[in-house]
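Asker: What follows is model.cif; its format and atoms are mmCIF, C-alpha atoms.
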data_start
loop_
_atom_site.label_atom_id
_atom_site.label_comp_id
_atom_site.auth_asym_id
_atom_site.auth_seq_id
_atom_site.Cartn_x
_atom_site.Cartn_y
_atom_site.Cartn_z
CA MET F 295 -152.35 -78.69 -143.13
CA LYS F 296 -150.52 -78.48 -139.85
CA ARG F 297 -152.71 -77.23 -137.04
CA HIS F 298 -151.46 -74.81 -134.42
CA ILE F 299 -152.37 -77.29 -131.68
CA ASP F 300 -150.09 -79.92 -133.25
CA GLU F 301 -147.08 -77.71 -132.64
CA GLU F 302 -148.17 -77.08 -129.07
CA LEU F 303 -148.73 -80.79 -128.49
CA LYS F 304 -145.28 -81.53 -129.86
CA LYS F 305 -143.71 -79.04 -127.45
CA LEU F 306 -145.60 -80.62 -124.55
CA LYS F 307 -144.56 -84.15 -125.51
CA ASP F 308 -140.93 -83.07 -126.03
CA LYS F 309 -140.85 -81.61 -122.54
CA LEU F 310 -142.27 -84.82 -121.12
CA PHE F 311 -139.61 -86.78 -122.99
CA ARG F 312 -136.83 -84.65 -121.54
CA MET F 313 -138.26 -85.22 -118.07
CA GLY F 314 -138.25 -88.95 -118.81
CA LEU F 315 -134.55 -88.83 -119.67
CA LEU F 316 -133.82 -87.16 -116.33
CA VAL F 317 -135.79 -89.83 -114.46
CA GLU F 318 -134.00 -92.61 -116.30
CA GLN F 319 -130.63 -91.05 -115.46
CA ALA F 320 -131.70 -90.82 -111.81
CA LEU F 321 -132.64 -94.50 -111.76
CA GLU F 322 -129.35 -95.43 -113.42
CA ALA F 323 -127.33 -93.39 -110.93
CA ALA F 324 -129.28 -94.70 -107.91
CA THR F 325 -128.72 -98.33 -108.81
CA SER F 326 -125.08 -97.73 -109.87
CA SER F 327 -124.52 -96.13 -106.49
CA LEU F 328 -125.56 -99.43 -104.96
CA PHE F 329 -123.75 -101.80 -107.31
CA GLU F 330 -120.53 -99.74 -107.36
CA ARG F 331 -120.79 -98.83 -103.66
CA ASP F 332 -120.38 -95.17 -104.61
CA SER F 333 -122.49 -93.07 -102.23
CA SER F 334 -121.69 -89.80 -104.01
CA LYS F 335 -123.97 -90.94 -106.85
CA ALA F 336 -126.82 -91.55 -104.39
CA LEU F 337 -126.40 -88.07 -102.93
CA ALA F 338 -126.54 -86.57 -106.44
CA VAL F 339 -129.82 -88.40 -107.12
CA ILE F 340 -131.40 -87.07 -103.92
CA LYS F 341 -130.29 -83.54 -104.78
CA GLY F 342 -131.37 -83.81 -108.42
CA ASP F 343 -134.96 -84.79 -107.59
CA GLN F 344 -135.96 -81.16 -107.28
CA GLU F 345 -135.33 -80.59 -110.99
CA ILE F 346 -137.68 -83.49 -111.81
CA ASN F 347 -140.31 -82.01 -109.51
CA LEU F 348 -140.04 -78.65 -111.25
CA TYR F 349 -140.52 -80.35 -114.61
CA GLU F 350 -143.69 -81.94 -113.28
CA ILE F 351 -145.14 -78.59 -112.26
CA GLU F 352 -144.25 -76.96 -115.60
CA ILE F 353 -145.76 -79.78 -117.67
CA ASP F 354 -148.89 -79.74 -115.53
CA GLU F 355 -149.36 -76.00 -116.10
CA LEU F 356 -148.61 -76.28 -119.82
CA GLY F 357 -151.10 -79.12 -120.30
CA HIS F 358 -153.88 -77.25 -118.52
CA GLU F 359 -153.20 -74.10 -120.54
CA LEU F 360 -153.36 -76.10 -123.75
CA ILE F 361 -156.82 -77.44 -122.88
CA ALA F 362 -158.16 -74.11 -121.62
CA LEU F 363 -156.94 -72.06 -124.60
CA ASN F 364 -157.56 -74.50 -127.46
CA GLN F 365 -160.70 -76.43 -126.49
CA PRO F 366 -159.18 -79.49 -128.13
CA ALA F 367 -161.14 -82.22 -129.92
CA ALA F 368 -161.71 -85.49 -128.04
CA VAL F 369 -158.61 -87.27 -129.35
CA ASP F 370 -156.28 -84.33 -128.61
CA LEU F 371 -157.86 -83.97 -125.18
CA ARG F 372 -157.10 -87.64 -124.44
CA LEU F 373 -153.53 -87.08 -125.50
CA ILE F 374 -153.13 -84.08 -123.18
CA THR F 375 -154.72 -85.77 -120.15
CA MET F 376 -152.43 -88.71 -120.85
CA VAL F 377 -149.41 -86.39 -120.76
CA LEU F 378 -150.68 -85.13 -117.39
CA LYS F 379 -150.96 -88.70 -116.13
CA ILE F 380 -147.56 -89.82 -117.46
CA ASN F 381 -146.10 -86.65 -115.96
CA ASN F 382 -147.36 -87.81 -112.58
CA ASP F 383 -146.05 -91.34 -113.18
CA LEU F 384 -142.58 -90.06 -114.11
CA GLU F 385 -142.44 -87.91 -111.00
CA ARG F 386 -143.25 -91.01 -108.93
CA MET F 387 -140.54 -92.97 -110.70
CA GLY F 388 -138.21 -90.14 -109.70
CA ASP F 389 -139.36 -90.64 -106.09
CA GLN F 390 -138.52 -94.33 -106.37
CA ALA F 391 -135.02 -93.40 -107.59
CA VAL F 392 -134.67 -91.27 -104.44
CA ASN F 393 -135.89 -94.19 -102.29
CA ILE F 394 -133.28 -96.46 -103.88
CA ALA F 395 -130.57 -93.82 -103.38
CA GLU F 396 -131.51 -93.52 -99.69
CA LYS F 397 -131.26 -97.29 -99.26
CA ALA F 398 -127.92 -97.31 -101.14
CA LEU F 399 -126.53 -94.89 -98.55
CA ILE F 400 -127.45 -97.40 -95.80
CA ILE F 401 -126.32 -100.52 -97.66
CA ASN F 402 -122.98 -99.01 -98.72
CA GLN F 403 -122.08 -98.59 -95.03
CA GLU F 404 -122.54 -102.32 -94.31
CA PRO F 405 -120.07 -105.01 -95.36
CA PRO F 406 -120.97 -106.32 -98.83
CA ILE F 407 -123.25 -109.39 -98.74
CA LYS F 408 -122.66 -112.05 -101.48
CA PRO F 409 -122.68 -111.12 -105.17
CA TYR F 410 -126.27 -110.70 -106.33
CA GLU F 411 -126.70 -110.76 -110.09
CA ASP F 412 -130.52 -110.69 -110.15
CA LEU F 413 -130.82 -107.11 -108.95
CA PRO F 414 -128.58 -105.56 -111.69
CA LYS F 415 -130.52 -107.62 -114.24
CA MET F 416 -133.84 -106.40 -112.80
CA SER F 417 -132.57 -102.85 -112.74
CA GLN F 418 -131.64 -103.01 -116.45
CA ASP F 419 -134.99 -104.54 -117.39
CA VAL F 420 -136.90 -101.90 -115.46
CA ARG F 421 -135.01 -99.01 -117.05
CA ARG F 422 -135.57 -100.48 -120.49
CA MET F 423 -139.30 -100.82 -119.73
CA MET F 424 -139.45 -97.21 -118.63
CA ARG F 425 -137.60 -96.03 -121.77
CA ASP F 426 -139.76 -98.22 -124.05
CA ALA F 427 -142.96 -96.99 -122.41
CA LEU F 428 -142.02 -93.39 -123.06
CA ASN F 429 -140.98 -94.18 -126.65
CA ALA F 430 -144.23 -96.09 -127.20
CA PHE F 431 -146.11 -93.00 -126.06
CA MET F 432 -144.06 -90.61 -128.20
CA GLU F 433 -144.53 -92.79 -131.31
CA GLN F 434 -148.03 -93.98 -130.37
CA ASP F 435 -146.70 -97.50 -130.95
CA ALA F 436 -149.15 -100.00 -129.48
CA ASP F 437 -147.00 -103.01 -130.41
CA GLN F 438 -144.04 -101.71 -128.44
CA ALA F 439 -146.44 -100.96 -125.57
CA LYS F 440 -147.71 -104.54 -125.62
CA SER F 441 -144.18 -105.93 -125.26
CA ILE F 442 -143.83 -103.91 -122.04
CA LEU F 443 -146.78 -105.78 -120.51
CA GLU F 444 -144.83 -109.02 -121.04
CA CYS F 445 -141.65 -107.58 -119.50
CA ASP F 446 -143.63 -106.68 -116.38
CA ASP F 447 -144.32 -110.36 -115.70
CA ILE F 448 -140.58 -111.10 -115.96
CA VAL F 449 -139.76 -108.28 -113.53
CA ASP F 450 -142.41 -109.51 -111.09
CA ARG F 451 -140.83 -112.97 -111.11
CA LEU F 452 -137.35 -111.51 -110.56
CA ASN F 453 -138.70 -109.48 -107.65
CA ASP F 454 -140.22 -112.62 -106.09
CA LYS F 455 -136.95 -114.50 -106.54
CA ILE F 456 -134.85 -111.73 -104.96
CA TYR F 457 -137.34 -111.56 -102.06
CA ASP F 458 -137.12 -115.32 -101.47
CA ASP F 459 -133.32 -115.54 -101.89
CA LEU F 460 -132.66 -112.68 -99.49
CA GLN F 461 -135.00 -114.14 -96.87
CA ILE F 462 -133.14 -117.46 -97.03
CA LEU F 463 -129.80 -115.62 -96.75
CA MET F 464 -131.03 -113.66 -93.71
CA VAL F 465 -132.17 -116.85 -91.96
CA GLN F 466 -128.73 -118.38 -92.58
CA LYS F 467 -126.74 -115.26 -91.71
CA PRO F 468 -128.47 -112.90 -89.27
CA GLN F 469 -125.67 -110.33 -89.82
CA CYS F 470 -127.16 -109.89 -93.31
CA ILE F 471 -130.58 -108.80 -91.97
CA ARG F 472 -130.00 -105.04 -92.17
CA PRO F 473 -128.60 -104.89 -95.71
CA GLY F 474 -130.93 -107.75 -96.73
CA VAL F 475 -134.09 -105.88 -95.73
CA SER F 476 -132.81 -102.76 -97.50
CA LEU F 477 -132.12 -104.75 -100.67
CA ILE F 478 -135.65 -106.20 -100.54
CA MET F 479 -136.93 -102.62 -100.42
CA VAL F 480 -134.76 -101.65 -103.42
CA SER F 481 -136.14 -104.59 -105.38
CA HIS F 482 -139.65 -103.48 -104.39
CA ASN F 483 -138.89 -99.91 -105.52
CA LEU F 484 -137.74 -101.18 -108.91
CA GLU F 485 -140.86 -103.29 -109.22
CA ARG F 486 -142.95 -100.15 -108.58
CA VAL F 487 -141.15 -98.38 -111.44
CA ALA F 488 -141.99 -101.35 -113.68
CA ASP F 489 -145.65 -101.05 -112.61
CA LEU F 490 -145.68 -97.35 -113.48
CA ALA F 491 -144.11 -98.09 -116.89
CA THR F 492 -146.79 -100.74 -117.40
CA ASN F 493 -149.50 -98.19 -116.61
CA ILE F 494 -148.10 -95.91 -119.33
CA ALA F 495 -147.99 -98.80 -121.80
CA GLU F 496 -151.61 -99.74 -121.03
CA ASP F 497 -152.70 -96.16 -121.63
CA VAL F 498 -150.85 -96.05 -124.97
CA ILE F 499 -152.71 -99.19 -126.07
CA TYR F 500 -155.98 -97.70 -124.85
CA LEU F 501 -155.41 -94.46 -126.73
CA LYS F 502 -154.22 -96.17 -129.90
CA ARG F 503 -156.62 -99.03 -130.16
CA GLY F 504 -159.60 -97.69 -128.30
CA ILE F 505 -159.69 -100.67 -126.02
CA ASP F 506 -159.20 -100.61 -122.30
CA VAL F 507 -156.61 -103.11 -121.26
CA ARG F 508 -156.20 -101.54 -117.88
CA HIS F 509 -156.43 -104.20 -115.19
CA HIS F 510 -156.38 -106.82 -117.94
CA ILE F 511 -160.16 -107.03 -117.71
CA ARG F 512 -160.58 -108.65 -121.08
CA GLU F 513 -157.69 -111.01 -120.44
CA ARG F 514 -159.47 -112.14 -117.33
CA ARG F 515 -162.47 -113.01 -119.45
CA GLY F 516 -160.17 -115.14 -121.58
CA GLU F 517 -160.45 -112.88 -124.65
CA LYS F 518 -157.50 -112.00 -126.88
CA VAL F 519 -156.29 -108.49 -126.08
CA MET I 1118 -178.27 -69.47 -111.23
CA LYS I 1119 -177.21 -73.08 -111.19
CA ARG I 1120 -175.24 -74.07 -114.26
CA HIS I 1121 -175.73 -77.40 -116.03
CA ILE I 1122 -172.04 -78.21 -115.56
CA ASP I 1123 -172.40 -77.85 -111.77
CA GLU I 1124 -174.82 -80.76 -111.69
CA GLU I 1125 -172.51 -82.83 -113.86
CA LEU I 1126 -169.53 -81.98 -111.65
CA LYS I 1127 -171.52 -83.00 -108.59
CA LYS I 1128 -172.33 -86.36 -110.14
CA LEU I 1129 -168.66 -86.89 -110.99
CA LYS I 1130 -167.49 -85.97 -107.47
CA ASP I 1131 -170.17 -88.16 -105.87
CA LYS I 1132 -169.00 -91.13 -107.89
CA LEU I 1133 -165.41 -90.46 -106.83
CA PHE I 1134 -166.55 -90.29 -103.21
CA ARG I 1135 -168.32 -93.65 -103.48
CA MET I 1136 -165.13 -95.14 -104.94
CA GLY I 1137 -163.22 -93.68 -101.99
CA LEU I 1138 -165.56 -95.43 -99.53
CA LEU I 1139 -164.89 -98.75 -101.27
CA VAL I 1140 -161.13 -98.19 -101.06
CA GLU I 1141 -161.34 -97.31 -97.39
CA GLN I 1142 -163.37 -100.45 -96.68
CA ALA I 1143 -160.76 -102.48 -98.57
CA LEU I 1144 -157.96 -101.01 -96.46
CA GLU I 1145 -159.92 -101.65 -93.27
CA ALA I 1146 -160.62 -105.26 -94.24
CA ALA I 1147 -157.01 -105.90 -95.35
CA THR I 1148 -155.52 -104.69 -92.07
CA SER I 1149 -158.23 -106.38 -89.96
CA SER I 1150 -157.43 -109.62 -91.76
CA LEU I 1151 -153.91 -109.24 -90.41
CA PHE I 1152 -154.71 -108.08 -86.88
CA GLU I 1153 -157.54 -110.61 -86.39
CA ARG I 1154 -155.70 -113.37 -88.27
CA ASP I 1155 -158.80 -113.85 -90.44
CA SER I 1156 -157.68 -114.78 -93.96
CA SER I 1157 -161.23 -114.78 -95.34
CA LYS I 1158 -161.19 -110.98 -95.12
CA ALA I 1159 -157.96 -110.82 -97.13
CA LEU I 1160 -159.45 -113.03 -99.84
CA ALA I 1161 -162.52 -110.74 -100.02
CA VAL I 1162 -160.25 -107.70 -100.52
CA ILE I 1163 -158.39 -109.38 -103.38
CA LYS I 1164 -161.68 -110.35 -105.05
CA GLY I 1165 -163.25 -106.93 -104.47
CA ASP I 1166 -160.46 -105.01 -106.20
CA GLN I 1167 -162.12 -105.52 -109.59
CA GLU I 1168 -165.07 -103.35 -108.53
CA ILE I 1169 -162.65 -100.53 -107.62
CA ASN I 1170 -160.94 -100.92 -111.00
CA LEU I 1171 -164.27 -100.65 -112.80
CA TYR I 1172 -165.05 -97.45 -110.89
CA GLU I 1173 -161.75 -96.02 -112.07
CA ILE I 1174 -162.57 -96.68 -115.71
CA GLU I 1175 -166.08 -95.20 -115.39
CA ILE I 1176 -164.88 -92.03 -113.66
CA ASP I 1177 -162.12 -91.62 -116.24
CA GLU I 1178 -164.64 -91.83 -119.10
CA LEU I 1179 -167.10 -89.52 -117.36
CA GLY I 1180 -164.43 -86.88 -116.69
CA HIS I 1181 -163.24 -86.87 -120.29
CA GLU I 1182 -166.82 -86.63 -121.59
CA LEU I 1183 -167.44 -83.68 -119.31
CA ILE I 1184 -164.45 -81.77 -120.71
CA ALA I 1185 -165.17 -82.68 -124.35
CA LEU I 1186 -168.87 -81.79 -124.24
CA ASN I 1187 -168.80 -78.71 -122.01
CA GLN I 1188 -165.52 -76.93 -122.83
CA PRO I 1189 -165.28 -75.94 -119.18
CA ALA I 1190 -163.75 -72.72 -117.87
CA ALA I 1191 -160.24 -72.93 -116.38
CA VAL I 1192 -161.36 -73.48 -112.77
CA ASP I 1193 -163.84 -76.23 -113.70
CA LEU I 1194 -161.23 -77.82 -115.93
CA ARG I 1195 -158.78 -77.94 -113.00
CA LEU I 1196 -161.47 -79.59 -110.88
CA ILE I 1197 -162.12 -82.26 -113.50
CA THR I 1198 -158.45 -83.04 -114.12
CA MET I 1199 -158.06 -83.25 -110.35
CA VAL I 1200 -160.88 -85.81 -110.21
CA LEU I 1201 -159.02 -87.78 -112.88
CA LYS I 1202 -155.85 -87.65 -110.80
CA ILE I 1203 -157.52 -88.55 -107.50
CA ASN I 1204 -159.29 -91.35 -109.34
CA ASN I 1205 -155.88 -92.74 -110.24
CA ASP I 1206 -154.62 -92.25 -106.68
CA LEU I 1207 -157.62 -94.09 -105.20
CA GLU I 1208 -157.13 -96.98 -107.57
CA ARG I 1209 -153.52 -97.21 -106.40
CA MET I 1210 -154.61 -97.16 -102.77
CA GLY I 1211 -156.87 -100.08 -103.69
CA ASP I 1212 -153.79 -101.86 -105.08
CA GLN I 1213 -152.01 -101.26 -101.77
CA ALA I 1214 -154.97 -102.83 -99.93
CA VAL I 1215 -154.54 -105.88 -102.18
CA ASN I 1216 -150.80 -105.97 -101.42
CA ILE I 1217 -151.55 -105.88 -97.69
CA ALA I 1218 -154.17 -108.62 -98.08
CA GLU I 1219 -151.65 -110.80 -99.93
CA LYS I 1220 -149.10 -110.34 -97.15
CA ALA I 1221 -151.81 -111.08 -94.53
CA LEU I 1222 -152.39 -114.44 -96.19
CA ILE I 1223 -148.67 -115.25 -95.71
CA ILE I 1224 -148.35 -113.83 -92.19
CA ASN I 1225 -151.52 -115.56 -90.95
CA GLN I 1226 -149.94 -118.93 -91.73
CA GLU I 1227 -146.91 -118.24 -89.51
CA PRO I 1228 -146.97 -118.38 -85.71
CA PRO I 1229 -147.90 -114.94 -84.29
CA ILE I 1230 -144.82 -112.78 -83.49
CA LYS I 1231 -145.09 -110.51 -80.41
CA PRO I 1232 -147.94 -108.00 -80.01
CA TYR I 1233 -147.28 -104.98 -82.21
CA GLU I 1234 -149.34 -101.93 -81.39
CA ASP I 1235 -147.67 -99.49 -83.78
CA LEU I 1236 -149.06 -101.07 -86.93
CA PRO I 1237 -152.78 -100.88 -85.89
CA LYS I 1238 -152.14 -97.25 -84.85
CA MET I 1239 -150.49 -96.50 -88.20
CA SER I 1240 -153.30 -98.25 -90.05
CA GLN I 1241 -155.91 -96.09 -88.29
CA ASP I 1242 -153.96 -92.89 -88.97
CA VAL I 1243 -153.58 -93.75 -92.64
CA ARG I 1244 -157.26 -94.52 -93.13
CA ARG I 1245 -158.20 -91.27 -91.42
CA MET I 1246 -155.77 -89.38 -93.69
CA MET I 1247 -157.33 -90.97 -96.73
CA ARG I 1248 -160.87 -90.15 -95.56
CA ASP I 1249 -159.89 -86.59 -94.64
CA ALA I 1250 -158.16 -86.05 -97.98
CA LEU I 1251 -161.29 -87.07 -99.84
CA ASN I 1252 -163.49 -84.91 -97.60
CA ALA I 1253 -161.12 -81.98 -98.05
CA PHE I 1254 -161.49 -82.38 -101.79
CA MET I 1255 -165.29 -82.70 -101.67
CA GLU I 1256 -165.62 -79.60 -99.47
CA GLN I 1257 -162.66 -77.75 -101.03
CA ASP I 1258 -161.41 -77.31 -97.47
CA ALA I 1259 -157.76 -76.21 -97.58
CA ASP I 1260 -157.44 -76.16 -93.77
CA GLN I 1261 -158.41 -79.80 -93.47
CA ALA I 1262 -155.99 -80.53 -96.32
CA LYS I 1263 -153.17 -78.81 -94.46
CA SER I 1264 -153.70 -80.98 -91.35
CA ILE I 1265 -153.15 -84.04 -93.55
CA LEU I 1266 -149.66 -82.84 -94.44
CA GLU I 1267 -148.82 -82.87 -90.72
CA CYS I 1268 -150.26 -86.37 -90.25
CA ASP I 1269 -148.00 -87.62 -93.03
CA ASP I 1270 -144.93 -86.77 -90.96
CA ILE I 1271 -146.33 -88.77 -88.02
CA VAL I 1272 -147.01 -91.76 -90.27
CA ASP I 1273 -143.48 -91.55 -91.72
CA ARG I 1274 -142.03 -91.69 -88.21
CA LEU I 1275 -144.24 -94.66 -87.27
CA ASN I 1276 -143.10 -96.43 -90.43
CA ASP I 1277 -139.43 -95.83 -89.53
CA LYS I 1278 -140.03 -97.11 -85.99
CA ILE I 1279 -141.79 -100.28 -87.18
CA TYR I 1280 -138.97 -100.86 -89.67
CA ASP I 1281 -136.30 -100.51 -86.94
CA ASP I 1282 -138.19 -102.55 -84.31
CA LEU I 1283 -138.83 -105.42 -86.69
CA GLN I 1284 -135.20 -105.50 -87.82
CA ILE I 1285 -134.07 -105.75 -84.20
CA LEU I 1286 -136.60 -108.52 -83.57
CA MET I 1287 -135.40 -110.45 -86.62
CA VAL I 1288 -131.78 -110.22 -85.50
CA GLN I 1289 -132.78 -111.58 -82.06
CA LYS I 1290 -135.15 -114.24 -83.37
CA PRO I 1291 -134.32 -115.52 -86.86
CA GLN I 1292 -137.58 -117.53 -86.88
CA CYS I 1293 -139.33 -114.14 -87.11
CA ILE I 1294 -137.61 -113.23 -90.39
CA ARG I 1295 -140.38 -114.39 -92.73
CA PRO I 1296 -143.33 -112.72 -90.97
CA GLY I 1297 -141.04 -109.79 -90.03
CA VAL I 1298 -140.14 -108.98 -93.64
CA SER I 1299 -143.81 -109.27 -94.63
CA LEU I 1300 -144.83 -106.88 -91.82
CA ILE I 1301 -142.20 -104.38 -93.00
CA MET I 1302 -143.79 -104.55 -96.44
CA VAL I 1303 -147.27 -103.98 -94.94
CA SER I 1304 -145.97 -100.94 -93.09
CA HIS I 1305 -144.44 -99.70 -96.35
CA ASN I 1306 -147.76 -100.25 -98.17
CA LEU I 1307 -149.58 -98.18 -95.54
CA GLU I 1308 -146.99 -95.45 -95.86
CA ARG I 1309 -147.62 -95.39 -99.62
CA VAL I 1310 -151.35 -94.87 -98.98
CA ALA I 1311 -150.46 -91.96 -96.69
CA ASP I 1312 -148.30 -90.49 -99.49
CA LEU I 1313 -151.16 -90.77 -101.96
CA ALA I 1314 -153.54 -89.08 -99.47
CA THR I 1315 -150.92 -86.35 -99.03
CA ASN I 1316 -150.79 -85.85 -102.81
CA ILE I 1317 -154.56 -85.33 -102.82
CA ALA I 1318 -154.32 -82.86 -99.93
CA GLU I 1319 -151.56 -80.90 -101.70
CA ASP I 1320 -153.69 -80.66 -104.83
CA VAL I 1321 -156.68 -79.40 -102.79
CA ILE I 1322 -154.51 -76.66 -101.32
CA TYR I 1323 -153.19 -75.84 -104.79
CA LEU I 1324 -156.67 -75.63 -106.25
CA LYS I 1325 -158.07 -73.63 -103.37
CA ARG I 1326 -155.26 -71.22 -102.66
CA GLY I 1327 -153.60 -71.04 -106.03
CA ILE I 1328 -150.24 -71.88 -104.55
CA ASP I 1329 -148.25 -74.94 -105.34
CA VAL I 1330 -147.22 -76.78 -102.22
CA ARG I 1331 -146.37 -79.91 -104.11
CA HIS I 1332 -142.94 -81.12 -103.15
CA HIS I 1333 -142.96 -78.63 -100.29
CA ILE I 1334 -140.86 -76.34 -102.47
CA ARG I 1335 -141.66 -73.23 -100.52
CA GLU I 1336 -141.20 -75.03 -97.20
CA ARG I 1337 -137.75 -76.05 -98.38
CA ARG I 1338 -136.95 -72.42 -98.98
CA GLY I 1339 -137.96 -71.77 -95.37
CA GLU I 1340 -141.09 -69.79 -96.30
CA LYS I 1341 -144.38 -70.17 -94.47
CA VAL I 1342 -146.80 -72.22 -96.60
#
Could I get this structure in the form of structure tokens?
Answerer:
Amino acid sequence: MKRHIDEELKKLKDKLFRMGLLVEQALEAATSSLFERDSSKALAVIKGDQEINLYEIEIDELGHELIALNQPAAVDLRLITMVLKINNDLERMGDQAVNIAEKALIINQEPPIKPYEDLPKMSQDVRRMMRDALNAFMEQDADQAKSILECDDIVDRLNDKIYDDLQILMVQKPQCIRPGVSLIMVSHNLERVADLATNIAEDVIYLKRGIDVRHHIRERRGEKV
Amino acid sequence: MKRHIDEELKKLKDKLFRMGLLVEQALEAATSSLFERDSSKALAVIKGDQEINLYEIEIDELGHELIALNQPAAVDLRLITMVLKINNDLERMGDQAVNIAEKALIINQEPPIKPYEDLPKMSQDVRRMMRDALNAFMEQDADQAKSILECDDIVDRLNDKIYDDLQILMVQKPQCIRPGVSLIMVSHNLERVADLATNIAEDVIYLKRGIDVRHHIRERRGEKV
């Protein structure tokens, strides 16, 4: 039999999913603004952040109401507090999209500095991670969540490479220092989004399998996670 | 009459406070490692992060148990979910301390670049914000929380200044590019800690006054918050 709380939980999760789509669109527009040198896209991202913030407040209220009115069982409670946490993570990803958009506005005013293929690649990977993390949560799919943990290592390595390459470029061409530093910040912002997606994935695995992989504690002990 | 849940809430908040002290010590050690060029401090911060992570897991479990076993009233529920959120914020501040420590290890190997007084000032401000945010939460002191919102603007301006000054220095002296970029990242890490402290302060005001100042929505509309 379908419980009343199941319907309410579905509504809550659906709202979170819609917020996730908005955040992904913001990330896409912020990075496109940079790669296509189209500052109008960056301005739209900065303006659109308010809608994401309003979603966060609504989901927060809805989640608290659900707990207060339904006194949910332990497993439903975990699910709701996880929505509250992911809600917060998505809002922070939205903030990172704004940070990238702000840097795009600066970088687009400078002359273009060499073609950089690593950043578009990183940007795609990060958006896929974010989308997969949200799907893994919606479907409670621990296997999909696990694959996100592996992607995070790839993104970290790309971030390190971009950091190193841009530093070398700046040493060679001091006129590249301003856009170079801004691009390092963009790469860092993307890496933060990947970290937030990884947090979501770790929580999905925790909820689904009842093991805590946060901080890879068991991995550190050499156990199979 | 004292309720059973009050004692449990006190235990939960005390544990959160102890975690906060650890995070503050980590931030202090990470920045001292940089200013005193003492890499042993940075290594201790990186090693010590596991203790902070364990605190996070314990507080998370404790908070969920409290909700599941006590079916708390709305106001107590808000307090507990806030502990869960601050718990997450403190753990992320701990991660920022680790990021700073990792950069200190790099910077300490390079020749020192000019005396920089803004970064120690910013570091002090940020640690005070973090301490004040936690105190404001413990005491449910909305006035103290409000003062943190003002500090955040000061820290943002210091961050911008450090960013600009270091870029100018790097243009003048390309040999400063490597430590310069790392110092920009440290400044950015500190600014992130200030943002997280500001989030806590906003939540304290929300809880205490029943108004939502998150995202400064009302301020944006020109209303007095």
Asker: Which one of I:Ala1185, I:Ala1218, I:Leu1196, I:Leu1324 sits closest to chain F if you count all atoms listed in the file?
Answerer: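 Among I:Ala1185, I:Ala1218, I:Leu1196, I:Leu1324, it is I:Ala1185 that comes nearest to chain F.
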Asker: From the options I:Asp1131, I:Asp1281, I:Asp1123, I:Glu1145, which residue's atoms come nearest to chain F, counting all atoms listed in the file?
Answerer: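 Smallest distance to chain F is found for I:Asp1281.
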Asker: For the PyMOL selection byres ((chain I and resi 1201) around 9), applied here, can you spell out every residue it catches as JSON, numbers by chain?
Answerer: {"F": [375, 379], "I": [1173, 1176, 1177, 1180, 1181, 1196, 1197, 1198, 1199, 1200, 1202, 1203, 1204, 1205, 1206]}
Asker: Starting from the shown file, work through the PyMOL selection byres ((chain I) within 7 of (chain F)) and note down what comes out as a list in words.
Answerer: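 So the PyMOL selection byres ((chain I) within 7 of (chain F)), applied here, picks out Asn1170, Ala1185, Gln1188, Ala1190, Ala1191, Gln1284, Val1288, Pro1291, Ile1294, Arg1295 and His1332 of chain I.
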Asker: So, counting only C-alpha atoms, which residue among I:Ile1271, I:Leu1207, I:Leu1283, I:Val1215 is closest to Ile1317 (chain I)?
Answerer: I:Leu1207
Asker: Which residue is closest to Ala338 (chain F)? Choose from F:Asp489, F:Glu385, F:Glu352, F:Glu396 and count all atoms listed in the file.
Answerer: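 Comparing F:Asp489, F:Glu385, F:Glu352, F:Glu396 against Ala338 (chain F), the winner is F:Glu396.
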Asker: Would you kindly translate the PyMOL selection byres ((chain F and resi 324) around 10) into the concrete residues it picks from this file, as an MDAnalysis selection string?
Answerer: chainID F and resid 318:323 325:329 332:340 390:399 480
Asker: What is the CA of Leu310 (chain F)-CA of Glu330 (chain F) distance in Å, reported with one decimal?
Answerer: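 Straight-line distance from CA of Leu310 (chain F) to CA of Glu330 (chain F) works out to 29.7 Å.
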Asker: Quick one: distance from CA of Met416 (chain F) to CA of Leu490 (chain F) in Å, one decimal?
Answerer: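 Answer for the CA of Met416 (chain F) to CA of Leu490 (chain F) separation: 14.9 Å.
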Asker: As an exercise, work out the distance from CA of Leu1266 (chain I) to CA of Asn1306 (chain I) in Å and give it to one decimal place.
Answerer: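 One can read the CA of Leu1266 (chain I) to CA of Asn1306 (chain I) distance as 17.9 Å.
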Asker: Neighbourhood query: residues within 7 Å of (-157.6, -75.9, -101.2), file coordinates, counting all atoms listed in the file; return as an MDAnalysis selection string.
Answerer: chainID I and resid 1257:1259 1262 1321:1326
Asker: Restrict the selected residues to C-alpha atoms and save them as a short mmCIF file (atom, residue, chain, number, x, y, z; two decimals), in the coordinates of the input.
Answerer:
data_model
loop_
_atom_site.label_atom_id
_atom_site.label_comp_id
_atom_site.auth_asym_id
_atom_site.auth_seq_id
_atom_site.Cartn_x
_atom_site.Cartn_y
_atom_site.Cartn_z
CA GLN I 1257 -162.66 -77.75 -101.03
CA ASP I 1258 -161.41 -77.31 -97.47
CA ALA I 1259 -157.76 -76.21 -97.58
CA ALA I 1262 -155.99 -80.53 -96.32
CA VAL I 1321 -156.68 -79.40 -102.79
CA ILE I 1322 -154.51 -76.66 -101.32
CA TYR I 1323 -153.19 -75.84 -104.79
CA LEU I 1324 -156.67 -75.63 -106.25
CA LYS I 1325 -158.07 -73.63 -103.37
CA ARG I 1326 -155.26 -71.22 -102.66
#
Asker: Between I:Gln1241, I:Leu1286, I:Ala1314, I:Tyr1172, which one has atoms that come closest to Ala1253 (chain I), using all atoms listed in the file?
Answerer: I:Ala1314
